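Novice: Starting off with a structure, shown below.
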Amino acid sequence: MPSTLSRRYILGRVSLYGGAILLALWTLAPLYLIALAAFSTRQATFQWPKPFLPTDFSIDTMQFFVNSRGVLDSVRNSIIVALLTIAGSLVLGAPGGYALARFRFRGKEGISLGLLISKMFPTAILSIPLAVTFLQLDLYDSLWGVALVHIAMALPFVIIVTAGIFVGVPRDLEEVAQTLGCNRLQAFLRVVLPLALPGLAAAAIFTFVISWNEVFAATILTLRNRTLPAQVLSGLNDSPLYYRYAGGFFMIVPALIFIFLIRRYLLNLWGNIVR
């Protein structure tokens, strides 16, 4: 009997790690192929069959992309918009999630359902009303206008995620802090918020990815102050293939760097779940 159990355990672990490796390879393979094409010579882009290992390493393709007109300005615009989106989404979404997690009030279930329903409507149906409204408010072709749209897109997700995180924070700790002299706001800032940082980091990652990759609103609402995805999209039809690979790689790297910088908060979140 022990040998049978041990075999099942070993097979289970092998299956688990094998599935994780296959999933990682499935995820990383496109990134590797894009990076391989971005750092190869222009002639190697059209080679067939494609070499799996780099043979003609070159930075000419990336230099061509970076030196293209408007690319560096659009990168700066994307970073600014993404940071504004993260700040606005967390400032508005964290209190909203806390209210859903801690308070009972009429219409609570309806609000939660409404947040989910709001994600069902495509942004395309709002393109003309948004453009007209932003023209009237003098927000057209501004980074603030794009950031407002991105905040509206990310806010439902942030509220739902933070509500789930705050539910997991024991209410007793907050009550103890209030008995020791803290008011509700101080207890939230000093006790609840530090414990919720891993969840807020996860929400920040998702918000950053939404803002960084969003292209429709940035294309409709800007002409000169375009973000990187909108800038790349506007030049795709008239650009060679190696330019597209370099643009794809250049759009992936900042998101990977951002995730790498706040990965420890995610590791803390996973550790809390395991425990």
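Chain identifiers are assigned as A, B, and so on, following the order in which chains appear in the structure tokens; residues are numbered from 1 within each chain, and ligands are numbered from 1 in order of appearance.
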Which residues of segment 7-126 of chain A have any atom within 10 Å of an atom in segment 252-257 of chain A when counting only C-alpha atoms, and what is the closest pair of atoms for each, with the distance in Å to one decimal? Order the rows by chain and rising number and write it as a tab-separated table.
Specialist:
residue	atom	partner	partner_atom	distance
A:Leu31	CA	A:Ile252	CA	8.1
A:Ile34	CA	A:Ile252	CA	9.6
A:Ala35	CA	A:Ile252	CA	9.7
A:Val75	CA	A:Pro254	CA	9.5
A:Ile79	CA	A:Pro254	CA	8.8
Novice: Just the selected residues (N, CA and C atoms), exported as a PDB file, in the first residue's frame, please.
Specialist:
ATOM      1  N   LEU A  31       6.892  35.168 -26.930  1.00  0.00           N
ATOM      2  CA  LEU A  31       7.797  36.243 -26.522  1.00  0.00           C
ATOM      3  C   LEU A  31       9.201  36.000 -27.053  1.00  0.00           C
ATOM      4  N   ILE A  34       9.323  36.644 -30.868  1.00  0.00           N
ATOM      5  CA  ILE A  34       9.304  38.082 -31.164  1.00  0.00           C
ATOM      6  C   ILE A  34      10.664  38.706 -30.858  1.00  0.00           C
ATOM      7  N   ALA A  35      11.245  38.341 -29.700  1.00  0.00           N
ATOM      8  CA  ALA A  35      12.569  38.866 -29.346  1.00  0.00           C
ATOM      9  C   ALA A  35      13.617  38.405 -30.344  1.00  0.00           C
ATOM     10  N   VAL A  75       6.282  56.511 -26.157  1.00  0.00           N
ATOM     11  CA  VAL A  75       6.649  55.710 -24.983  1.00  0.00           C
ATOM     12  C   VAL A  75       6.475  56.533 -23.710  1.00  0.00           C
ATOM     13  N   ILE A  79       3.794  55.737 -20.616  1.00  0.00           N
ATOM     14  CA  ILE A  79       4.194  55.606 -19.215  1.00  0.00           C
ATOM     15  C   ILE A  79       3.394  56.571 -18.339  1.00  0.00           C
TER      16      ILE A  79
END
Novice: Could you please write out, as a ChimeraX atom specification, every residue of segment 62-163 of chain A that DSSP assigns to alpha helix (DSSP H)?
Specialist: /A:62-66,71-102,108-117,127-136,143-163
Novice: Using C-alpha atoms, can you export the residues from the last selection as a short mmCIF file (atom, residue, chain, number, x, y, z; two decimals), in the first residue's frame?
Specialist:
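Below you can see part.cif, which holds the result:
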data_model
loop_
_atom_site.label_atom_id
_atom_site.label_comp_id
_atom_site.auth_asym_id
_atom_site.auth_seq_id
_atom_site.Cartn_x
_atom_site.Cartn_y
_atom_site.Cartn_z
CA MET A 62 15.54 47.91 -32.77
CA GLN A 63 17.52 51.04 -33.62
CA PHE A 64 15.37 51.55 -36.69
CA PHE A 65 12.23 51.31 -34.58
CA VAL A 66 13.45 53.48 -31.69
CA VAL A 71 8.26 56.49 -30.94
CA LEU A 72 10.11 57.85 -27.91
CA ASP A 73 7.46 60.52 -27.35
CA SER A 74 4.74 57.86 -27.49
CA VAL A 75 6.65 55.71 -24.98
CA ARG A 76 6.76 58.65 -22.59
CA ASN A 77 3.05 59.26 -23.14
CA SER A 78 2.23 55.58 -22.47
CA ILE A 79 4.19 55.61 -19.21
CA ILE A 80 2.50 58.79 -18.02
CA VAL A 81 -0.97 57.52 -18.91
CA ALA A 82 -0.31 54.13 -17.27
CA LEU A 83 0.90 55.73 -14.03
CA LEU A 84 -2.09 58.09 -13.96
CA THR A 85 -4.39 55.13 -14.57
CA ILE A 86 -2.86 53.11 -11.74
CA ALA A 87 -3.03 56.02 -9.31
CA GLY A 88 -6.61 56.96 -10.22
CA SER A 89 -7.86 53.38 -10.23
CA LEU A 90 -6.38 52.54 -6.83
CA VAL A 91 -7.40 55.84 -5.22
CA LEU A 92 -11.00 55.34 -6.35
CA GLY A 93 -11.16 51.56 -6.44
CA ALA A 94 -9.62 50.68 -3.06
CA PRO A 95 -12.21 52.66 -1.02
CA GLY A 96 -14.96 51.24 -3.24
CA GLY A 97 -13.75 47.69 -2.64
CA TYR A 98 -13.46 48.39 1.09
CA ALA A 99 -17.04 49.64 1.20
CA LEU A 100 -18.33 46.53 -0.56
CA ALA A 101 -16.33 44.30 1.79
CA ARG A 102 -17.10 45.97 5.11
CA LYS A 108 -25.00 46.30 -2.60
CA GLU A 109 -25.62 43.25 -4.80
CA GLY A 110 -26.93 45.47 -7.58
CA ILE A 111 -23.77 47.57 -7.51
CA SER A 112 -21.58 44.46 -7.68
CA LEU A 113 -23.61 43.16 -10.61
CA GLY A 114 -23.47 46.54 -12.31
CA LEU A 115 -19.67 46.53 -12.09
CA LEU A 116 -19.58 43.21 -13.90
CA ILE A 117 -22.16 44.27 -16.50
CA SER A 127 -16.24 56.22 -29.56
CA ILE A 128 -18.35 59.02 -31.06
CA PRO A 129 -19.94 60.17 -27.74
CA LEU A 130 -16.52 60.13 -26.07
CA ALA A 131 -14.88 62.12 -28.85
CA VAL A 132 -17.68 64.73 -28.84
CA THR A 133 -17.68 65.00 -25.03
CA PHE A 134 -13.91 65.33 -24.84
CA LEU A 135 -13.94 68.03 -27.51
CA GLN A 136 -16.51 69.96 -25.49
CA LEU A 143 -3.01 62.50 -21.84
CA TRP A 144 -5.50 63.32 -19.09
CA GLY A 145 -8.39 62.38 -21.36
CA VAL A 146 -6.85 59.02 -22.29
CA ALA A 147 -6.06 58.33 -18.64
CA LEU A 148 -9.70 59.04 -17.67
CA VAL A 149 -10.93 56.48 -20.19
CA HIS A 150 -8.40 53.91 -18.98
CA ILE A 151 -9.42 54.50 -15.37
CA ALA A 152 -13.05 53.91 -16.30
CA MET A 153 -12.04 50.66 -18.01
CA ALA A 154 -9.94 49.38 -15.09
CA LEU A 155 -12.04 50.62 -12.18
CA PRO A 156 -14.64 47.78 -12.10
CA PHE A 157 -11.92 45.16 -11.96
CA VAL A 158 -9.99 47.03 -9.25
CA ILE A 159 -13.10 47.39 -7.08
CA ILE A 160 -13.99 43.69 -7.39
CA VAL A 161 -10.43 42.52 -6.69
CA THR A 162 -9.87 44.82 -3.73
CA ALA A 163 -13.25 43.86 -2.27
#
Novice: Given only C-alpha atoms as the basis, pick out the residue of A:Val167, A:Leu139, A:Ala201, A:Ala38 nearest to Arg244 of chain A.
Specialist: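 Among the listed residues, A:Ala38 lies closest to Arg244 of chain A.
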Novice: Counting only C-alpha atoms, which residue out of A:Pro170, A:Gly19, A:Gly164, A:Gly70 sits closest to Leu200 of chain A?
Specialist: A:Gly164
Novice: What gap, in Å, lies between atom CA of Val215 of chain A and atom CA of Ala230 of chain A?
Specialist: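 Atom CA of Val215 of chain A sits 5.2 Å away from atom CA of Ala230 of chain A.
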Novice: With distances taken over only C-alpha atoms, which residue among A:Ala24, A:Ala246, A:Met251, A:Ala124 lies nearest Pro229 of chain A?
Specialist: A:Met251
Novice: Give me, please, the distance in Å between atom CA of Gly199 of chain A and atom CA of Arg171 of chain A, quoted to one decimal.
Specialist: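 Going from atom CA of Gly199 of chain A over to atom CA of Arg171 of chain A, I get 16.8 Å.
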